Amino acid sequence: MDRFPLHMKVNGTQMTVDVDPGMRLLDVLRDVLGLTGTKEGCGEGECGVCSVILDGKIVDSCLVLAPQVQGREIITIEGVARNGELDILQEAFLEAGAVQCGFCTPGMILAGKALLDKNSHPDRREIARAISGNLCRCTGYAKIVKAVELAAARRSGKEGATGA
Amino acid sequence: MLEGGVVGQSVQRVDGLVKVTGESYFAADEKVPAALVLKVLRSRVAHAVVKRIDISEAEKIPGVVRVFTYADIPGENSYGIMVKDQPVLTDKIRFIGDAIALVVAENPDAARKGAEAVKVETEELPPLYDVWSAMAEGAPPIHDKGNILTVGRVKKGDAAAALSRADVVISRLYRTQRVEHLYLETEAGIAYPEHNGLTIKVSTQNPHYDRRDVARVLGLPMNRVRIIQTPTGGGFGGKLDISVQCFLALAAWKLRRPVRMLYDREESFIATAKRHPFIIDYTSGANREGQLLAVKVRIIGDTGAYASYGPATLIRAAVHATGPYEVPSVDIEGLCVYTNNPFSGAMRGFGTPQMAFAFESQMDLLAQALQISPLEIRRRNILRPGSATATGQVLSDSVGIAKTLAAAWEKACQVMPGLGGENQ
Amino acid sequence: MFELDAYYQPESLAVALELLAKSDGKLRPLAGGTDLVPALAKRKIHCPGLIDLSAVSELRAIIAREHEIQIGSMSTFAQIEEFLVIRNRFPLLSEAAASVGSPQIRNTGTIGGNIANASPAADMVTALIALEAEVRLDSSEGFRTVPLQNILEGAGKTHIRPQEIITNILIRPLAPGSRSGYIKLGRRRALAIARLNLAVILAVHENKISLARVALGAVGPNPCRSSALETTLEGQQISSTLVDTFASEAEKEVVRMLGSRPSVSYKQEAVKGIARELLPRLFSSTEGVVA
Ligand SMILES: Cc1cc2nc3c(=O)[nH]c(=O)nc-3n(C[C@H](O)[C@H](O)[C@H](O)COP(=O)(O)OP(=O)(O)OC[C@H]3O[C@@H](n4cnc5c(N)ncnc54)[C@H](O)[C@@H]3O)c2cc1C
Ligand code: FES
Ligand code: FES
C-alpha cells in the first residue's frame, strides 16, 4: 500500500512525514525520524525499552501502528531535556546511580516522567507499579526507584532525606 | 586517599550523560548510509549433515545481493574463545539454530525472503539432547573428538576413607536449568572496509578476542582488522562469544560494502550462549559436631553444540564445589559435555551459582540430620584466615564470609520477625 | 514493518460498519493493537487490511445509567480501572483491569480487543462472565445483544461475524450489599498472562450468602462460570470453614476442567491459594461492597 502523510507533534514540533501504514510507531521514530533514543528489545510489549509518552500516557511504541498516532502528540527521550538542560528526572538518574548499561534508561525515564506528571508524590509502591512495564537487567531496580523518589522530592521543592 | 582520586567518592559515570538523554549510540543506532543488511538462515533440526545448499532461487529475489555458505569462507571456518569448534556457516548441523547461509540484501524484507528461499538438503543424525545419551557408548560424535570435551579434577586427602569414617553422610543429585542472559540490547553491529582492512563496530564484551577470530575467518593478519566496542546494552557474559562479528566481516570484506546486522529477540534466544545446565552428584560427610570431613562431587555440564567457555566454567565449578566451607578431603570431578542443545558459555558467576545451589542445600541437609541450626553448621565450617581451600590455597589474610554470615543473619532477623530462637 | 493492502481510519461507527460490510471479510478491526500489531509485525498472522477504530469516538464512552452501565468497546484497561462508578459498583472489574499487563498495556489495550481475542486467560473476560455481561455487536444490517459467554467459542475463537464489531459491553448493577473481587495468579506481578484467575460476586445478608457467582479463567478454552462453586457458597454462613470447603471444591473443579492437561497438578494446588486469598477478603471487609 502507498505511503500516506502522518501528522503528529513530536517533542513539541508539529510535523508531517510520509510513512507506510504497516510501520510501527517505533519504526517511524527510529528509521524515519532518526530518534534512536527509543530502543527495541522485544517487539512485543514485554520489555518497555520502546516506551514513549503518547498524549500524556506511557505506551510501548512497538505495539502502536504508525497511523494510529495521526494527529496526536508524542514525547520521546530526546524531548525530555529542555534547551540542553537536563530534566530533574534525568539528573536524579545520574545521581542515584540508576544508569548502568543504559539500554533501559530512556524508557525508564519516560515511565517515571509519565508518573510524576500525574502524581507528584508517589510512594514506593506507586513508583514500582509505574515502572513495572520496563525491564532492567543490570540495576536490580532499587536505584531506579530511588531516582524517581529523588526527582519527585526535588520537583516539589523539598529535597530531603531521600537523596542519593 | 590520593588527592583528586575517586576511591571512596561518589562519582558520576563517564557515559552517564548521553545515556539519560538518549544520545548514546548503541550498535543498532549507528547511521550507515547505503549499508546492506544481513540475515542468517538457521537450522531447524538439531543434528544433521548438510548435503546440498541451493542458493539460486534466493539470489534471484529482488534486493538480494549475495548468499554466502561455508564454501565462501576465505580463511578458517571455525572460531571459539577456548576451542575453535564453531563454524561461521556450517556444513554439519549441531543444534537447532546453527547458521547455514548468510543472505546479504538491500533491505530487511528482501533478506528475510532470501533466507526463506535458500534450499537445504540434510541427512539427519540422531539428536543428543541430554548429557547421558551424549556420553553413552556408541553415541554419534557431535565433534570429531567425541562428546566429552574436558574432564577437570580437584583432589585433596583421601575423601573415600574420610567419608567412611563420617558420622553423617548426605548424598543428593542436583539439576540446574539453562538460563538466557537476556541483556536488553540484542546483538548488533556494523562493518565497513577501511584502508586496506576492515572495521567492525559491535555490541561485545570481548573486542580483542573478536579481532583474533575475525582475522582467522577472513584469513587476514590481525592488523588489518579493527574492532570497536559500541556502548553495550548488557552482556553478563553472553557477549563474550562471537555473535554477528564474523557474518558482518564476511559480507563487508567480500562485497567491499558497509553492512549492518541486528538479531531480534527470538534470534538472540536461539543463537547465543546460555548458562550451563549442571547435573551435580554431591556427597558430603561430617562428624557429630557438624564438622565437614570430606566431599565427593561429580559435575556434568551441558555445553551444548559448542565449547564456548565450557571447559573453564567446569573447572571453575570444580574449584568452587566446596563453597565458602573448609573441607579437609575432597574428590571433585567436572565434565564438560557436548550435546545437540543450544551452546552454553559464560554467565555471571561462571559455574559457581549452580554449585551454590548444591553445596548450600547439602549444608541444610547436614544440619537437619545433626539437629543443629543451619546457621550454626555454617559457622562451624566457614573459611577463616588460615584455612585451606579445596585446591590447597591457604588464605592468609582476610576472608569475608564470617562477617557476611553475621550481617545476613542480622538482616534476616530484621525482615523476618520471629526468626531468632532455635535457629540461632 | 509488514505489508498491508488496505488501511482505513473511519471517524464514525456508521462508516466503519459500511467499510466492513463491503470488504467481504478482508478487513479486520484494529483496536489498541496490543495483540494484533506484534502478531502482524512478526508475521505470525497475515491480514490484508485493517479498519482502525481509534478515531471512532462513539466507542470510547463509558456511560453509567440507573439500570445498567455501558462500556464502549474501545475503552482501555486504564480507563476502566480508573472510572469511579466502576470502582464503586463493580470493584472486580477495576481489579481485573488493574491486573492486566503493564501501564503501557493498560494505556493501549481495550476491553473489546480482550473479548474478541478470546484468550483462555483473558482477565476482563473472567470478570465480565461473573458479572453476566452482555455484548452488543453491530453491523451495517443492525445489531444484536448477546450474553458474553455465548460469543466465546474456544481459545482464540468467537461467534463474532466478519462484518460485526463489538460496540459496547453492558452490565446490570449488582444488588446493594453485594461484594465482588478478582484475583489473578501470574508468574510475576506485572506483565504476566494469568496462570489462573478467579472472579467472585456475593450477596450477603446477615452473614449468610444469598447469591454467589463464580468464574474461573485459564482452566479451559475460555473463562467460564462454575455452578459447583456457586452451590458451595450459596445458603452458607460466612466462616473460615467455608473458605476451606470452597478451596477444596475449587481444587476438584480445576481437576475436572483441566482433565489430563499437564498443568493440572500445579493449578489444582494453586487455585486453593488464590481462593484462600480472595474469599476471606470478601467475607471480612467492607471493601468491595456495592454501596
Ligand atoms: C505484553 C502484553 C501483556 C499482556 N497482558 C495481558 C494480561 O495481563 N491480561 C490479558 O487479558 N491480556 C493481556 N494481553 C493481551 C492484550 O493486551 C489484550 O487481549 C487486549 O485486550 C487486546 O486489546 P487490543 O485493543 O489491543 O486489541 P487488538 O490487538 O487491536 O485486537 C485484538 C483482536 O480483537 C479484534 N477486535 C478488537 N476490537 C474489536 C471490536 N471492537 N470488535 C470486534 N473485534 C475486535 C481484532 O480484530 C483482533 O483480532 C497482553 C498483551 C501484551 C502484548
Ligand atoms: S520493544 Fe516494545 S516492549 Fe520491548
Ligand atoms: S541499565 Fe542495563 S538494562 Fe537497565
# chains A, B, ... in the order shown; residues from 1 in each chain; ligands from 1

call {"tool": "interface_residues", "arguments": {"of": "chain B", "to": "chain C", "cutoff": "12 Å", "atoms": "only C-alpha atoms", "output": "list of chain:residue names"}}
result
B:Asn107, B:Pro108, B:Asp109, B:Arg112, B:Asp264, B:Arg265, B:Glu266

call {"tool": "residues_near_ligand", "arguments": {"ligand": "ligand 3", "cutoff": "7 Å", "atoms": "only C-alpha atoms and all ligand atoms", "output": "list in words"}}
result
Val99, Gln100, Cys101, Gly102, Phe103, Cys104, Thr105, Leu135, Cys136, Arg137, Cys138 and Thr139 of chain A; Tyr183, Leu184, Gly233 and Gly234 of chain B

call {"tool": "write_last_selection", "arguments": {"atoms": "C-alpha atoms", "output": "short mmCIF file (atom, residue, chain, number, x, y, z; two decimals), in the first residue's frame"}}
result
data_model
loop_
_atom_site.label_atom_id
_atom_site.label_comp_id
_atom_site.auth_asym_id
_atom_site.auth_seq_id
_atom_site.Cartn_x
_atom_site.Cartn_y
_atom_site.Cartn_z
CA VAL A 99 22.06 4.08 34.91
CA GLN A 100 24.25 1.12 34.11
CA CYS A 101 24.31 -0.14 30.53
CA GLY A 102 21.70 2.48 29.76
CA PHE A 103 19.61 0.47 27.35
CA CYS A 104 16.53 0.56 29.55
CA THR A 105 17.16 4.13 30.67
CA LEU A 135 12.66 -4.31 32.42
CA CYS A 136 16.16 -3.55 33.61
CA ARG A 137 18.63 -6.42 33.58
CA CYS A 138 21.52 -4.50 35.15
CA THR A 139 20.49 -2.47 38.17
CA TYR B 183 20.56 -8.40 28.13
CA LEU B 184 18.06 -5.86 26.90
CA GLY B 233 23.41 -2.81 26.41
CA GLY B 234 24.17 -5.55 28.89
#

call {"tool": "interface_residues", "arguments": {"of": "chain C", "to": "chain A", "cutoff": "12 Å", "atoms": "only C-alpha atoms", "output": "PyMOL selection string"}}
result
chain C and resi 1-10+30-43+46-56+76+78-79+98-109+188-193

call {"tool": "atom_distance", "arguments": {"atom1": "CA of Asp85 (chain B)", "atom2": "CA of Thr339 (chain B)"}}
result
13.3 Å

call {"tool": "interface_residues", "arguments": {"of": "chain B", "to": "chain A", "cutoff": "10 Å", "atoms": "only C-alpha atoms", "output": "VMD selection string"}}
result
chain B and resid 10 to 13 15 to 26 28 to 31 181 to 186 231 to 236 263 to 266

call {"tool": "residues_around", "arguments": {"residues": "Ala402 (chain B)", "least_positions_apart": "5", "cutoff": "9 Å", "atoms": "only C-alpha atoms", "output": "ChimeraX atom specification"}}
result
/B:379,382-384,407

call {"tool": "write_last_selection", "arguments": {"atoms": "N, CA, C and O atoms", "output": "compact mmCIF listing (two decimals), in the first residue's frame"}}
result
# COMPACT_ATOMS: atom_id res chain seq x y z
N ARG B 379 28.56 -21.69 60.55
CA ARG B 379 29.58 -21.07 61.40
C ARG B 379 30.74 -22.03 61.69
O ARG B 379 31.88 -21.63 61.76
N ILE B 382 32.87 -22.44 58.01
CA ILE B 382 33.30 -21.41 57.06
C ILE B 382 34.81 -21.22 57.04
O ILE B 382 35.50 -21.48 58.03
N LEU B 383 35.28 -20.77 55.89
CA LEU B 383 36.69 -20.45 55.73
C LEU B 383 37.02 -19.24 56.60
O LEU B 383 36.23 -18.29 56.67
N ARG B 384 38.19 -19.32 57.25
CA ARG B 384 38.66 -18.20 58.06
C ARG B 384 40.12 -17.96 57.72
O ARG B 384 40.74 -18.82 57.09
N ALA B 407 26.11 -10.56 59.06
CA ALA B 407 25.28 -9.48 58.53
C ALA B 407 23.99 -10.02 57.93
O ALA B 407 22.91 -9.44 58.10

call {"tool": "select_by_dssp", "arguments": {"residues": "region 146-294 of chain B", "states": "strand (DSSP E)", "output": "ChimeraX atom specification"}}
result
/B:148-156,168-175,188-194,197-202,225-229,259-262,274-275,278-286,292-294

call {"tool": "write_last_selection", "arguments": {"atoms": "C-alpha atoms", "output": "PDB file, in the first residue's frame"}}
result
ATOM      1  CA  ILE B 148      33.277 -35.492  26.384  1.00  0.00           C
ATOM      2  CA  LEU B 149      35.200 -32.292  25.822  1.00  0.00           C
ATOM      3  CA  THR B 150      37.130 -31.958  29.076  1.00  0.00           C
ATOM      4  CA  VAL B 151      37.437 -33.551  32.497  1.00  0.00           C
ATOM      5  CA  GLY B 152      38.723 -31.428  35.382  1.00  0.00           C
ATOM      6  CA  ARG B 153      39.680 -32.866  38.774  1.00  0.00           C
ATOM      7  CA  VAL B 154      40.375 -31.448  42.204  1.00  0.00           C
ATOM      8  CA  LYS B 155      41.703 -33.915  44.790  1.00  0.00           C
ATOM      9  CA  LYS B 156      42.906 -33.435  48.316  1.00  0.00           C
ATOM     10  CA  VAL B 168      26.633 -38.492  58.858  1.00  0.00           C
ATOM     11  CA  VAL B 169      26.753 -38.747  55.078  1.00  0.00           C
ATOM     12  CA  ILE B 170      24.361 -36.934  52.768  1.00  0.00           C
ATOM     13  CA  SER B 171      24.139 -37.768  49.048  1.00  0.00           C
ATOM     14  CA  ARG B 172      21.924 -35.930  46.608  1.00  0.00           C
ATOM     15  CA  LEU B 173      21.591 -35.363  42.879  1.00  0.00           C
ATOM     16  CA  TYR B 174      21.015 -31.753  41.851  1.00  0.00           C
ATOM     17  CA  ARG B 175      19.989 -30.379  38.491  1.00  0.00           C
ATOM     18  CA  ALA B 188      24.035  -5.874  16.691  1.00  0.00           C
ATOM     19  CA  GLY B 189      26.857  -4.414  14.692  1.00  0.00           C
ATOM     20  CA  ILE B 190      28.056  -2.710  11.543  1.00  0.00           C
ATOM     21  CA  ALA B 191      31.127  -3.305   9.402  1.00  0.00           C
ATOM     22  CA  TYR B 192      32.829  -1.433   6.600  1.00  0.00           C
ATOM     23  CA  PRO B 193      36.034  -1.759   4.605  1.00  0.00           C
ATOM     24  CA  GLU B 194      38.548   0.871   5.596  1.00  0.00           C
ATOM     25  CA  GLY B 197      41.355  -3.642   6.119  1.00  0.00           C
ATOM     26  CA  LEU B 198      38.036  -3.873   7.843  1.00  0.00           C
ATOM     27  CA  THR B 199      36.372  -2.080  10.750  1.00  0.00           C
ATOM     28  CA  ILE B 200      33.605  -3.622  12.811  1.00  0.00           C
ATOM     29  CA  LYS B 201      31.606  -1.723  15.401  1.00  0.00           C
ATOM     30  CA  VAL B 202      29.771  -4.193  17.535  1.00  0.00           C
ATOM     31  CA  VAL B 225      41.011  -5.943  11.400  1.00  0.00           C
ATOM     32  CA  ARG B 226      39.758  -3.291  13.749  1.00  0.00           C
ATOM     33  CA  ILE B 227      37.025  -3.940  16.307  1.00  0.00           C
ATOM     34  CA  ILE B 228      35.321  -1.060  18.073  1.00  0.00           C
ATOM     35  CA  GLN B 229      33.117  -1.909  21.003  1.00  0.00           C
ATOM     36  CA  VAL B 259      26.825  -3.835   6.148  1.00  0.00           C
ATOM     37  CA  ARG B 260      24.700  -3.997   9.301  1.00  0.00           C
ATOM     38  CA  MET B 261      23.099  -6.728  11.294  1.00  0.00           C
ATOM     39  CA  LEU B 262      20.692  -6.950  14.210  1.00  0.00           C
ATOM     40  CA  LYS B 274      23.322 -19.828  27.816  1.00  0.00           C
ATOM     41  CA  ARG B 275      24.245 -20.599  31.391  1.00  0.00           C
ATOM     42  CA  PHE B 278      24.513 -28.808  35.561  1.00  0.00           C
ATOM     43  CA  ILE B 279      23.894 -32.242  36.950  1.00  0.00           C
ATOM     44  CA  ILE B 280      25.646 -32.446  40.304  1.00  0.00           C
ATOM     45  CA  ASP B 281      26.061 -35.641  42.260  1.00  0.00           C
ATOM     46  CA  TYR B 282      27.108 -34.405  45.676  1.00  0.00           C
ATOM     47  CA  THR B 283      28.120 -36.430  48.753  1.00  0.00           C
ATOM     48  CA  SER B 284      29.136 -34.713  51.981  1.00  0.00           C
ATOM     49  CA  GLY B 285      30.311 -36.267  55.213  1.00  0.00           C
ATOM     50  CA  ALA B 286      30.558 -34.647  58.631  1.00  0.00           C
ATOM     51  CA  LEU B 292      32.792 -31.296  57.387  1.00  0.00           C
ATOM     52  CA  LEU B 293      35.214 -34.166  56.821  1.00  0.00           C
ATOM     53  CA  ALA B 294      35.009 -34.757  53.098  1.00  0.00           C
TER      54      ALA B 294
END

call {"tool": "residues_around", "arguments": {"residues": "region 122-133 of chain C", "least_positions_apart": "4", "cutoff": "8 Å", "atoms": "only C-alpha atoms", "output": "JSON, numbers by chain"}}
result
{"C": [92, 93, 96, 97, 99, 100, 111, 114, 115, 118, 147, 148, 149, 169, 170, 171, 172, 182, 184, 194, 197, 198, 199, 200, 201, 213, 214, 215, 216, 217, 218, 223, 224, 225]}

call {"tool": "select_by_dssp", "arguments": {"residues": "chain A", "states": "helix (DSSP H, G or I)", "output": "number ranges by chain"}}
result
A: 25-32, 66-69, 77-79, 88-95, 105-118, 124-130, 142-155

call {"tool": "atom_distance", "arguments": {"atom1": "CA of Lys145 (chain B)", "atom2": "CA of Leu314 (chain B)"}}
result
18.4 Å
